[in-house]
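Data block for upload-v7.cif (mmCIF, C-alpha atoms; chains and numbers go by the auth columns):
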data_protein
loop_
_atom_site.group_PDB
_atom_site.id
_atom_site.type_symbol
_atom_site.label_atom_id
_atom_site.label_comp_id
_atom_site.label_asym_id
_atom_site.label_seq_id
_atom_site.Cartn_x
_atom_site.Cartn_y
_atom_site.Cartn_z
_atom_site.B_iso_or_equiv
_atom_site.auth_seq_id
_atom_site.auth_asym_id
ATOM 1 C CA MET A 1 -20.957 61.746 177.583 0.00 1166 A
ATOM 2 C CA ASN A 2 -19.069 59.255 175.458 0.00 1167 A
ATOM 3 C CA LYS A 3 -15.396 60.008 176.009 0.00 1168 A
ATOM 4 C CA ASN A 4 -13.646 57.086 174.334 0.00 1169 A
ATOM 5 C CA LEU A 5 -10.448 59.079 173.955 0.00 1170 A
ATOM 6 C CA GLU A 6 -8.348 56.058 173.002 0.00 1171 A
ATOM 7 C CA LEU A 7 -10.480 55.513 169.887 0.00 1172 A
ATOM 8 C CA ILE A 8 -10.129 59.180 168.923 0.00 1173 A
ATOM 9 C CA ARG A 9 -6.370 59.137 169.527 0.00 1174 A
ATOM 10 C CA SER A 10 -5.946 55.953 167.474 0.00 1175 A
ATOM 11 C CA LYS A 11 -7.130 57.601 164.249 0.00 1176 A
ATOM 12 C CA ARG A 12 -4.476 58.379 161.636 0.00 1177 A
ATOM 13 C CA ALA A 13 -6.118 61.446 160.080 0.00 1178 A
ATOM 14 C CA PHE A 14 -7.861 64.424 161.677 0.00 1179 A
ATOM 15 C CA ILE A 15 -10.244 66.903 160.037 0.00 1180 A
ATOM 16 C CA ILE A 16 -10.550 69.853 162.416 0.00 1181 A
ATOM 17 C CA ASP A 17 -12.882 72.833 162.271 0.00 1182 A
ATOM 18 C CA MET A 18 -11.415 76.183 163.339 0.00 1183 A
ATOM 19 C CA ASP A 19 -13.997 78.728 164.549 0.00 1184 A
ATOM 20 C CA GLY A 20 -15.313 77.518 167.891 0.00 1185 A
ATOM 21 C CA VAL A 21 -12.787 74.669 168.044 0.00 1186 A
ATOM 22 C CA ILE A 22 -9.344 76.290 167.805 0.00 1187 A
ATOM 23 C CA TYR A 23 -10.287 79.929 168.381 0.00 1188 A
ATOM 24 C CA HIS A 24 -13.107 82.427 168.815 0.00 1189 A
ATOM 25 C CA GLY A 25 -12.186 85.330 166.544 0.00 1190 A
ATOM 26 C CA ASN A 26 -8.724 86.320 167.794 0.00 1191 A
ATOM 27 C CA ARG A 27 -8.886 84.407 171.076 0.00 1192 A
ATOM 28 C CA LEU A 28 -7.194 81.014 171.182 0.00 1193 A
ATOM 29 C CA LEU A 29 -9.217 78.287 172.890 0.00 1194 A
ATOM 30 C CA LYS A 30 -7.872 76.059 175.647 0.00 1195 A
ATOM 31 C CA GLY A 31 -5.752 73.159 174.390 0.00 1196 A
ATOM 32 C CA ALA A 32 -5.424 74.307 170.781 0.00 1197 A
ATOM 33 C CA ALA A 33 -1.636 74.640 170.856 0.00 1198 A
ATOM 34 C CA GLU A 34 -1.282 71.352 172.738 0.00 1199 A
ATOM 35 C CA LEU A 35 -3.479 69.591 170.153 0.00 1200 A
ATOM 36 C CA VAL A 36 -1.258 70.700 167.249 0.00 1201 A
ATOM 37 C CA GLU A 37 1.855 69.705 169.198 0.00 1202 A
ATOM 38 C CA TRP A 38 0.317 66.258 169.864 0.00 1203 A
ATOM 39 C CA LEU A 39 -0.686 65.800 166.190 0.00 1204 A
ATOM 40 C CA ASN A 40 2.844 66.600 165.031 0.00 1205 A
ATOM 41 C CA LYS A 41 4.535 64.488 167.714 0.00 1206 A
ATOM 42 C CA ASN A 42 2.421 61.451 166.809 0.00 1207 A
ATOM 43 C CA ASN A 43 2.837 61.874 163.032 0.00 1208 A
ATOM 44 C CA LYS A 44 -0.887 62.342 162.449 0.00 1209 A
ATOM 45 C CA SER A 45 -2.198 63.668 159.148 0.00 1210 A
ATOM 46 C CA TYR A 46 -4.375 66.701 159.829 0.00 1211 A
ATOM 47 C CA LEU A 47 -6.332 69.333 157.953 0.00 1212 A
ATOM 48 C CA PHE A 48 -8.001 72.417 159.354 0.00 1213 A
ATOM 49 C CA LEU A 49 -11.255 72.488 157.396 0.00 1214 A
ATOM 50 C CA THR A 50 -13.185 75.726 157.763 0.00 1215 A
ATOM 51 C CA ASN A 51 -16.492 76.835 156.290 0.00 1216 A
ATOM 52 C CA SER A 52 -15.261 80.417 156.480 0.00 1217 A
ATOM 53 C CA SER A 53 -14.317 81.781 153.054 0.00 1218 A
ATOM 54 C CA GLU A 54 -12.719 85.027 154.189 0.00 1219 A
ATOM 55 C CA ARG A 55 -9.043 84.045 154.435 0.00 1220 A
ATOM 56 C CA SER A 56 -6.577 82.205 152.194 0.00 1221 A
ATOM 57 C CA GLN A 57 -4.474 79.271 153.405 0.00 1222 A
ATOM 58 C CA ILE A 58 -1.502 81.598 153.949 0.00 1223 A
ATOM 59 C CA GLU A 59 -3.619 84.070 155.917 0.00 1224 A
ATOM 60 C CA LEU A 60 -4.978 81.274 158.135 0.00 1225 A
ATOM 61 C CA SER A 61 -1.443 80.041 158.735 0.00 1226 A
ATOM 62 C CA GLN A 62 -0.383 83.577 159.650 0.00 1227 A
ATOM 63 C CA LYS A 63 -3.391 84.003 161.960 0.00 1228 A
ATOM 64 C CA LEU A 64 -2.473 80.879 163.927 0.00 1229 A
ATOM 65 C CA ALA A 65 1.137 82.072 164.027 0.00 1230 A
ATOM 66 C CA ARG A 66 -0.028 85.353 165.597 0.00 1231 A
ATOM 67 C CA LEU A 67 -1.896 83.280 168.176 0.00 1232 A
ATOM 68 C CA GLY A 68 1.263 81.288 168.888 0.00 1233 A
ATOM 69 C CA ILE A 69 0.781 78.124 166.794 0.00 1234 A
ATOM 70 C CA SER A 70 2.995 77.273 163.810 0.00 1235 A
ATOM 71 C CA VAL A 71 1.104 75.397 161.073 0.00 1236 A
ATOM 72 C CA GLU A 72 2.102 75.335 157.396 0.00 1237 A
ATOM 73 C CA PRO A 73 -0.456 76.619 154.813 0.00 1238 A
ATOM 74 C CA GLU A 74 -0.961 73.167 153.263 0.00 1239 A
ATOM 75 C CA HIS A 75 -2.713 72.068 156.477 0.00 1240 A
ATOM 76 C CA PHE A 76 -5.667 74.387 155.741 0.00 1241 A
ATOM 77 C CA TYR A 77 -8.625 73.971 153.399 0.00 1242 A
ATOM 78 C CA THR A 78 -11.524 76.407 153.106 0.00 1243 A
ATOM 79 C CA SER A 79 -15.012 76.586 151.641 0.00 1244 A
ATOM 80 C CA ALA A 80 -13.620 79.219 149.239 0.00 1245 A
ATOM 81 C CA LEU A 81 -11.167 76.697 147.774 0.00 1246 A
ATOM 82 C CA ALA A 82 -13.871 74.028 147.585 0.00 1247 A
ATOM 83 C CA THR A 83 -16.253 76.457 145.887 0.00 1248 A
ATOM 84 C CA ALA A 84 -13.630 77.462 143.326 0.00 1249 A
ATOM 85 C CA SER A 85 -12.811 73.801 142.639 0.00 1250 A
ATOM 86 C CA PHE A 86 -16.509 72.935 142.216 0.00 1251 A
ATOM 87 C CA LEU A 87 -17.225 75.843 139.862 0.00 1252 A
ATOM 88 C CA SER A 88 -14.118 75.205 137.738 0.00 1253 A
ATOM 89 C CA ALA A 89 -15.316 71.620 137.225 0.00 1254 A
ATOM 90 C CA GLN A 90 -18.820 72.865 136.339 0.00 1255 A
ATOM 91 C CA LYS A 91 -17.867 75.733 134.005 0.00 1256 A
ATOM 92 C CA PRO A 92 -14.141 76.168 133.339 0.00 1257 A
ATOM 93 C CA GLY A 93 -13.220 79.782 132.646 0.00 1258 A
ATOM 94 C CA GLY A 94 -16.598 81.118 133.717 0.00 1259 A
ATOM 95 C CA SER A 95 -17.414 84.461 135.313 0.00 1260 A
ATOM 96 C CA VAL A 96 -18.707 85.398 138.758 0.00 1261 A
ATOM 97 C CA TYR A 97 -20.175 88.236 140.760 0.00 1262 A
ATOM 98 C CA VAL A 98 -18.814 87.887 144.288 0.00 1263 A
ATOM 99 C CA ILE A 99 -19.982 89.164 147.652 0.00 1264 A
ATOM 100 C CA GLY A 100 -17.113 88.185 149.908 0.00 1265 A
ATOM 101 C CA GLU A 101 -13.606 88.765 151.145 0.00 1266 A
ATOM 102 C CA PRO A 102 -10.214 88.513 149.368 0.00 1267 A
ATOM 103 C CA GLY A 103 -9.781 84.829 150.288 0.00 1268 A
ATOM 104 C CA LEU A 104 -12.817 83.921 148.185 0.00 1269 A
ATOM 105 C CA ILE A 105 -11.994 86.280 145.322 0.00 1270 A
ATOM 106 C CA ALA A 106 -8.394 85.008 145.136 0.00 1271 A
ATOM 107 C CA ALA A 107 -9.518 81.361 145.110 0.00 1272 A
ATOM 108 C CA LEU A 108 -11.877 82.055 142.197 0.00 1273 A
ATOM 109 C CA TYR A 109 -9.197 83.998 140.286 0.00 1274 A
ATOM 110 C CA ASP A 110 -6.733 81.149 140.808 0.00 1275 A
ATOM 111 C CA ALA A 111 -9.327 78.700 139.429 0.00 1276 A
ATOM 112 C CA GLY A 112 -9.579 80.728 136.201 0.00 1277 A
ATOM 113 C CA PHE A 113 -12.708 82.776 136.870 0.00 1278 A
ATOM 114 C CA THR A 114 -13.190 86.421 135.935 0.00 1279 A
ATOM 115 C CA MET A 115 -15.161 89.008 137.879 0.00 1280 A
ATOM 116 C CA ASN A 116 -18.345 90.171 136.126 0.00 1281 A
ATOM 117 C CA ASN A 117 -21.098 92.397 137.534 0.00 1282 A
ATOM 118 C CA ILE A 118 -23.131 92.594 134.302 0.00 1283 A
ATOM 119 C CA ASN A 119 -23.966 89.048 133.165 0.00 1284 A
ATOM 120 C CA PRO A 120 -22.008 86.517 135.252 0.00 1285 A
ATOM 121 C CA ASP A 121 -22.503 82.768 135.135 0.00 1286 A
ATOM 122 C CA TYR A 122 -22.664 82.659 138.947 0.00 1287 A
ATOM 123 C CA VAL A 123 -23.394 84.881 141.911 0.00 1288 A
ATOM 124 C CA VAL A 124 -21.137 83.644 144.717 0.00 1289 A
ATOM 125 C CA VAL A 125 -21.773 84.705 148.308 0.00 1290 A
ATOM 126 C CA GLY A 126 -19.424 84.251 151.258 0.00 1291 A
ATOM 127 C CA GLU A 127 -18.949 86.046 154.569 0.00 1292 A
ATOM 128 C CA GLY A 128 -17.515 89.523 154.643 0.00 1293 A
ATOM 129 C CA ARG A 129 -17.804 93.218 155.361 0.00 1294 A
ATOM 130 C CA GLY A 130 -18.516 93.954 151.680 0.00 1295 A
ATOM 131 C CA TYR A 131 -22.117 92.877 152.180 0.00 1296 A
ATOM 132 C CA SER A 132 -24.336 95.910 151.587 0.00 1297 A
ATOM 133 C CA LEU A 133 -27.811 96.765 150.336 0.00 1298 A
ATOM 134 C CA GLU A 134 -26.255 97.798 147.017 0.00 1299 A
ATOM 135 C CA ALA A 135 -24.478 94.452 146.641 0.00 1300 A
ATOM 136 C CA LEU A 136 -27.642 92.615 147.675 0.00 1301 A
ATOM 137 C CA GLU A 137 -29.739 94.451 145.088 0.00 1302 A
ATOM 138 C CA ARG A 138 -27.226 93.668 142.335 0.00 1303 A
ATOM 139 C CA ALA A 139 -27.074 90.003 143.331 0.00 1304 A
ATOM 140 C CA VAL A 140 -30.869 89.744 143.215 0.00 1305 A
ATOM 141 C CA LYS A 141 -30.958 91.393 139.785 0.00 1306 A
ATOM 142 C CA LEU A 142 -28.273 89.075 138.383 0.00 1307 A
ATOM 143 C CA VAL A 143 -29.887 85.910 139.763 0.00 1308 A
ATOM 144 C CA ARG A 144 -33.246 86.987 138.339 0.00 1309 A
ATOM 145 C CA GLN A 145 -31.486 87.435 134.986 0.00 1310 A
ATOM 146 C CA GLY A 146 -30.238 83.844 135.092 0.00 1311 A
ATOM 147 C CA ALA A 147 -27.006 83.716 137.115 0.00 1312 A
ATOM 148 C CA ARG A 148 -26.774 80.611 139.297 0.00 1313 A
ATOM 149 C CA LEU A 149 -26.663 81.305 143.053 0.00 1314 A
ATOM 150 C CA ILE A 150 -23.810 79.739 145.022 0.00 1315 A
ATOM 151 C CA GLY A 151 -23.129 79.987 148.760 0.00 1316 A
ATOM 152 C CA THR A 152 -19.719 79.041 150.108 0.00 1317 A
ATOM 153 C CA ASN A 153 -21.366 77.444 153.154 0.00 1318 A
ATOM 154 C CA PRO A 154 -24.791 77.106 154.794 0.00 1319 A
ATOM 155 C CA ASP A 155 -23.807 78.334 158.287 0.00 1320 A
ATOM 156 C CA LEU A 156 -26.443 80.737 159.613 0.00 1321 A
ATOM 157 C CA SER A 157 -24.195 82.056 162.375 0.00 1322 A
ATOM 158 C CA GLY A 158 -20.676 81.801 163.705 0.00 1323 A
ATOM 159 C CA PRO A 159 -18.822 82.415 166.971 0.00 1324 A
ATOM 160 C CA THR A 160 -16.504 85.378 167.571 0.00 1325 A
ATOM 161 C CA GLU A 161 -14.896 86.755 170.710 0.00 1326 A
ATOM 162 C CA ASP A 162 -17.845 89.183 170.866 0.00 1327 A
ATOM 163 C CA GLY A 163 -20.535 86.497 170.531 0.00 1328 A
ATOM 164 C CA ILE A 164 -22.557 84.991 167.696 0.00 1329 A
ATOM 165 C CA VAL A 165 -22.668 86.832 164.340 0.00 1330 A
ATOM 166 C CA PRO A 166 -24.505 86.177 161.030 0.00 1331 A
ATOM 167 C CA ALA A 167 -22.698 83.847 158.617 0.00 1332 A
ATOM 168 C CA CYS A 168 -23.053 82.926 154.947 0.00 1333 A
ATOM 169 C CA GLY A 169 -26.390 81.109 155.128 0.00 1334 A
ATOM 170 C CA ALA A 170 -28.021 84.143 156.729 0.00 1335 A
ATOM 171 C CA LEU A 171 -26.490 86.476 154.131 0.00 1336 A
ATOM 172 C CA VAL A 172 -27.690 84.342 151.213 0.00 1337 A
ATOM 173 C CA ALA A 173 -31.258 84.044 152.564 0.00 1338 A
ATOM 174 C CA PRO A 174 -32.468 87.498 151.399 0.00 1339 A
ATOM 175 C CA ILE A 175 -31.313 86.730 147.840 0.00 1340 A
ATOM 176 C CA GLU A 176 -33.130 83.392 147.928 0.00 1341 A
ATOM 177 C CA LEU A 177 -36.302 85.030 149.239 0.00 1342 A
ATOM 178 C CA ALA A 178 -36.226 87.884 146.707 0.00 1343 A
ATOM 179 C CA THR A 179 -35.544 85.645 143.693 0.00 1344 A
ATOM 180 C CA GLY A 180 -37.311 82.407 144.599 0.00 1345 A
ATOM 181 C CA LYS A 181 -34.047 80.587 143.777 0.00 1346 A
ATOM 182 C CA LYS A 182 -32.296 78.253 146.195 0.00 1347 A
ATOM 183 C CA ALA A 183 -28.527 78.572 146.591 0.00 1348 A
ATOM 184 C CA TYR A 184 -26.200 75.609 146.186 0.00 1349 A
ATOM 185 C CA PHE A 185 -23.846 75.439 149.164 0.00 1350 A
ATOM 186 C CA VAL A 186 -20.415 73.851 148.682 0.00 1351 A
ATOM 187 C CA GLY A 187 -19.021 73.879 152.244 0.00 1352 A
ATOM 188 C CA LYS A 188 -19.762 71.452 155.072 0.00 1353 A
ATOM 189 C CA PRO A 189 -21.887 69.348 155.224 0.00 1354 A
ATOM 190 C CA ASN A 190 -21.707 68.938 151.422 0.00 1355 A
ATOM 191 C CA PRO A 191 -20.004 65.548 150.739 0.00 1356 A
ATOM 192 C CA LEU A 192 -17.917 67.295 148.049 0.00 1357 A
ATOM 193 C CA ILE A 193 -15.791 69.198 150.550 0.00 1358 A
ATOM 194 C CA MET A 194 -15.417 66.080 152.696 0.00 1359 A
ATOM 195 C CA ARG A 195 -14.069 64.116 149.721 0.00 1360 A
ATOM 196 C CA HIS A 196 -11.673 66.982 148.976 0.00 1361 A
ATOM 197 C CA ALA A 197 -10.479 66.822 152.588 0.00 1362 A
ATOM 198 C CA LEU A 198 -9.920 63.047 152.535 0.00 1363 A
ATOM 199 C CA ARG A 199 -7.982 63.327 149.262 0.00 1364 A
ATOM 200 C CA ARG A 200 -5.744 66.033 150.695 0.00 1365 A
ATOM 201 C CA LEU A 201 -5.103 63.871 153.755 0.00 1366 A
ATOM 202 C CA ASN A 202 -4.579 60.786 151.561 0.00 1367 A
ATOM 203 C CA ALA A 203 -6.757 58.975 154.083 0.00 1368 A
ATOM 204 C CA ARG A 204 -9.710 56.592 154.120 0.00 1369 A
ATOM 205 C CA ARG A 205 -12.837 57.504 156.060 0.00 1370 A
ATOM 206 C CA GLU A 206 -12.329 54.539 158.420 0.00 1371 A
ATOM 207 C CA GLU A 207 -9.043 55.987 159.690 0.00 1372 A
ATOM 208 C CA THR A 208 -10.290 59.566 159.998 0.00 1373 A
ATOM 209 C CA VAL A 209 -12.038 61.643 162.665 0.00 1374 A
ATOM 210 C CA ILE A 210 -13.766 65.019 162.286 0.00 1375 A
ATOM 211 C CA ILE A 211 -13.738 67.460 165.215 0.00 1376 A
ATOM 212 C CA GLY A 212 -16.216 70.325 165.163 0.00 1377 A
ATOM 213 C CA ASP A 213 -18.462 72.560 167.250 0.00 1378 A
ATOM 214 C CA ARG A 214 -21.595 72.460 165.079 0.00 1379 A
ATOM 215 C CA MET A 215 -24.172 69.703 164.830 0.00 1380 A
ATOM 216 C CA ASP A 216 -25.629 71.152 161.613 0.00 1381 A
ATOM 217 C CA THR A 217 -22.365 71.233 159.626 0.00 1382 A
ATOM 218 C CA ASP A 218 -19.403 69.402 161.197 0.00 1383 A
ATOM 219 C CA ILE A 219 -21.230 66.501 162.827 0.00 1384 A
ATOM 220 C CA VAL A 220 -23.768 65.848 160.072 0.00 1385 A
ATOM 221 C CA ALA A 221 -20.893 66.022 157.544 0.00 1386 A
ATOM 222 C CA GLY A 222 -19.086 63.291 159.481 0.00 1387 A
ATOM 223 C CA VAL A 223 -22.221 61.186 159.902 0.00 1388 A
ATOM 224 C CA GLU A 224 -23.093 61.359 156.193 0.00 1389 A
ATOM 225 C CA SER A 225 -19.485 60.633 155.189 0.00 1390 A
ATOM 226 C CA GLU A 226 -19.232 57.780 157.732 0.00 1391 A
ATOM 227 C CA ILE A 227 -16.340 59.440 159.535 0.00 1392 A
ATOM 228 C CA GLU A 228 -15.904 59.239 163.329 0.00 1393 A
ATOM 229 C CA THR A 229 -17.436 62.386 164.860 0.00 1394 A
ATOM 230 C CA VAL A 230 -16.301 64.461 167.831 0.00 1395 A
ATOM 231 C CA LEU A 231 -18.419 67.397 168.997 0.00 1396 A
ATOM 232 C CA VAL A 232 -16.662 69.953 171.191 0.00 1397 A
ATOM 233 C CA LEU A 233 -18.807 72.208 173.370 0.00 1398 A
ATOM 234 C CA SER A 234 -16.556 75.256 172.927 0.00 1399 A
ATOM 235 C CA GLY A 235 -18.472 76.817 170.029 0.00 1400 A
ATOM 236 C CA VAL A 236 -21.995 77.090 168.636 0.00 1401 A
ATOM 237 C CA THR A 237 -23.720 73.867 169.756 0.00 1402 A
ATOM 238 C CA GLY A 238 -24.521 73.686 173.471 0.00 1403 A
ATOM 239 C CA PRO A 239 -25.319 70.588 175.563 0.00 1404 A
ATOM 240 C CA LEU A 240 -29.065 71.227 175.439 0.00 1405 A
ATOM 241 C CA ASP A 241 -29.041 71.489 171.621 0.00 1406 A
ATOM 242 C CA ILE A 242 -27.621 68.029 170.943 0.00 1407 A
ATOM 243 C CA GLY A 243 -30.767 66.034 171.669 0.00 1408 A
ATOM 244 C CA THR A 244 -32.845 68.096 169.234 0.00 1409 A
ATOM 245 C CA TYR A 245 -31.078 66.544 166.217 0.00 1410 A
ATOM 246 C CA ALA A 246 -32.038 63.243 164.579 0.00 1411 A
ATOM 247 C CA TYR A 247 -28.349 62.268 164.367 0.00 1412 A
ATOM 248 C CA GLN A 248 -25.822 62.236 167.204 0.00 1413 A
ATOM 249 C CA PRO A 249 -22.031 62.611 167.519 0.00 1414 A
ATOM 250 C CA ARG A 250 -20.043 59.535 168.510 0.00 1415 A
ATOM 251 C CA HIS A 251 -18.072 61.551 171.068 0.00 1416 A
ATOM 252 C CA ILE A 252 -18.755 64.748 173.032 0.00 1417 A
ATOM 253 C CA LEU A 253 -15.887 66.697 174.617 0.00 1418 A
ATOM 254 C CA ASP A 254 -15.748 69.987 176.473 0.00 1419 A
ATOM 255 C CA GLY A 255 -12.928 71.087 174.160 0.00 1420 A
ATOM 256 C CA VAL A 256 -9.895 69.903 172.197 0.00 1421 A
ATOM 257 C CA PHE A 257 -7.807 70.142 175.381 0.00 1422 A
ATOM 258 C CA GLU A 258 -9.106 66.658 176.268 0.00 1423 A
ATOM 259 C CA ILE A 259 -7.513 64.929 173.262 0.00 1424 A
ATOM 260 C CA PRO A 260 -3.714 65.225 173.796 0.00 1425 A
ATOM 261 C CA GLU A 261 -2.293 62.578 176.130 0.00 1426 A
#

Whole structure, structure tokens version:
Amino acid sequence: MNKNLELIRSKRAFIIDMDGVIYHGNRLLKGAAELVEWLNKNNKSYLFLTNSSERSQIELSQKLARLGISVEPEHFYTSALATASFLSAQKPGGSVYVIGEPGLIAALYDAGFTMNNINPDYVVVGEGRGYSLEALERAVKLVRQGARLIGTNPDLSGPTEDGIVPACGALVAPIELATGKKAYFVGKPNPLIMRHALRRLNARREETVIIGDRMDTDIVAGVESEIETVLVLSGVTGPLDIGTYAYQPRHILDGVFEIPE
């Protein structure tokens, strides 16, 4: 394993995934609190960048607070916010049919979109408990009628304290199969969300590192954006999976607990 910790620690800006890196569901992972303390103590710029679209920035801040870590809402950016930003640039004031949680719906409302289950411009799918056969059937009907299909992120699965569960990519797949239309995914590894993250950090790619637990989103996003990559083995990607990918992380750590000095 390449553990050039000094190079990682020398970076000015940190893009950090959450699920599988900082926590599993409601269980904090080893070293998460110490990492935030180290980032603050060393005046690092940092952004928790999550492909999950379920929670708002305030809710994510409150979740970490419940787990014992104090982080202000401006340090969070989600695929819901990136999706809303992308759609508002594409069609300002448009309408959407949403399968997802309040974090996604609120982000779209805040970007000027209205909810529409008759003839929306877009069908937007994120994670959430509102996913049902009825919602799936309506989404298929609307996409077949001409609504554009958007997924907040391409993740097929995600880690929780109870194990691996289906994520957005898996929930979008039935709509794609039934309509013959491919979704456009805004979250990692889309370069759009990476540029949003760098702008929010006010950082250049050369001075930034991305820390994540997934080869197929976090690490490929860093590779394609030419950002230093750190894979932690505390989430989805296991040691035996790494060699199956055409691209490789620059650094592999057991968890974020290795980073603070």

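Picture a line from atom CA of Glu1171 of chain A to atom CA of Pro1238 of chain A; it runs 28.6 Å.
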
Evaluate the PyMOL selection byres ((chain A and resi 1228-1231) around 12) against this structure - the residues, as a PyMOL selection string, please.
chain A and resi 1183-1184+1187-1194+1197-1198+1201+1213+1220-1227+1232-1238+1240-1241

Who sits within 7 Å of segment 1270-1273 of chain A, only C-alpha atoms, same chain under 3 positions skipped, as a ChimeraX atom specification
/A:1245-1246,1249,1266-1267,1276-1278

Considering all atoms listed in the file, can you say which of A:Gly1334, A:Gly1259, A:Pro1285, A:Gly1328 comes closest to Lys1347 of chain A?
A:Gly1334

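Distance-wise, atom CA of Val1397 of chain A and atom CA of Gly1377 of chain A end up 6.1 Å apart.
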
Excluding segment 1301-1308 of chain A and residues on its chain fewer than 6 positions from it, collect all residues at most 8 Å away from it, counting only C-alpha atoms, and give them as a ChimeraX atom specification.
/A:1262,1282-1285,1287-1288,1314,1339-1340,1343-1344,1346

Within 7 Å of file point (-17.4, 77.6, 153.4), counting all atoms listed in the file, expressed as a PDB file with C-alpha atoms, in the frame of the given file:
ATOM      1  CA  THR A1215     -13.185  75.726 157.763  1.00  0.00           C
ATOM      2  CA  ASN A1216     -16.492  76.835 156.290  1.00  0.00           C
ATOM      3  CA  SER A1217     -15.261  80.417 156.480  1.00  0.00           C
ATOM      4  CA  SER A1218     -14.317  81.781 153.054  1.00  0.00           C
ATOM      5  CA  THR A1243     -11.524  76.407 153.106  1.00  0.00           C
ATOM      6  CA  SER A1244     -15.012  76.586 151.641  1.00  0.00           C
ATOM      7  CA  ALA A1245     -13.620  79.219 149.239  1.00  0.00           C
ATOM      8  CA  THR A1317     -19.719  79.041 150.108  1.00  0.00           C
ATOM      9  CA  ASN A1318     -21.366  77.444 153.154  1.00  0.00           C
ATOM     10  CA  VAL A1351     -20.415  73.851 148.682  1.00  0.00           C
ATOM     11  CA  GLY A1352     -19.021  73.879 152.244  1.00  0.00           C
ATOM     12  CA  LYS A1353     -19.762  71.452 155.072  1.00  0.00           C
TER      13      LYS A1353
END

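Closest to Val1289 of chain A among A:Cys1333, A:Asp1275, A:Thr1325, A:Arg1360 is A:Cys1333, based on all atoms listed in the file.
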
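Atom CA of Ile1407 of chain A is positioned 26.6 Å from atom CA of Glu1199 of chain A.
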
Given all atoms listed in the file as the basis, pick out the residue of A:Leu1418, A:Ile1315, A:Val1337, A:Ala1386 nearest to Val1261 of chain A.
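Result for the nearest residue to Val1261 of chain A: A:Ile1315.
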
Can you work out which one of A:Ser1250, A:Asn1367, A:Ser1297, A:Gln1310 has the shortest atom-to-atom distance to Ala1178 of chain A, counting all atoms listed in the file?
A:Asn1367

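Counting all atoms listed in the file, the residue from A:Leu1405, A:Ala1312, A:Ala1247, A:Val1421 that sits nearest to Val1263 of chain A is A:Ala1312.
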
Explicit residues for the PyMOL selection byres ((chain A and resi 1331) around 9) (as an MDAnalysis selection string)
chainID A and resid 1292 1320:1323 1329:1330 1332:1336

For Gly1185 of chain A, find every residue with an atom within 6 Å (counting only C-alpha atoms), except residues of its own chain fewer than 6 positions away, and show them as JSON, numbers by chain.
{"A": [1378, 1399, 1400]}

Contacts of Glu1423 of chain A at 9 Å or less, counting all atoms listed in the file, minus same-chain residues fewer than 6 places along, as a PyMOL selection string?
chain A and resi 1170+1196+1200

Between A:Leu1214, A:Leu1172, A:Ala1300, A:Val1186, which residue has the minimum interatomic distance to Val1401 of chain A, considering only C-alpha atoms?
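Checking each candidate against Val1401 of chain A, we get A:Val1186 as the closest.
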
9 Å contact set for Ile1375 of chain A, all atoms listed in the file, chain neighbours under 2 positions out, as a list in words:
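Near Ile1375 of chain A, the qualifying residues are Ala1178, Phe1179, Ile1180, Ile1181, Asp1182, Thr1373, Gly1377, Asp1383, Ile1384, Ala1386, Gly1387, Ile1392, Glu1393, Thr1394, Val1395 and Leu1396 of chain A.
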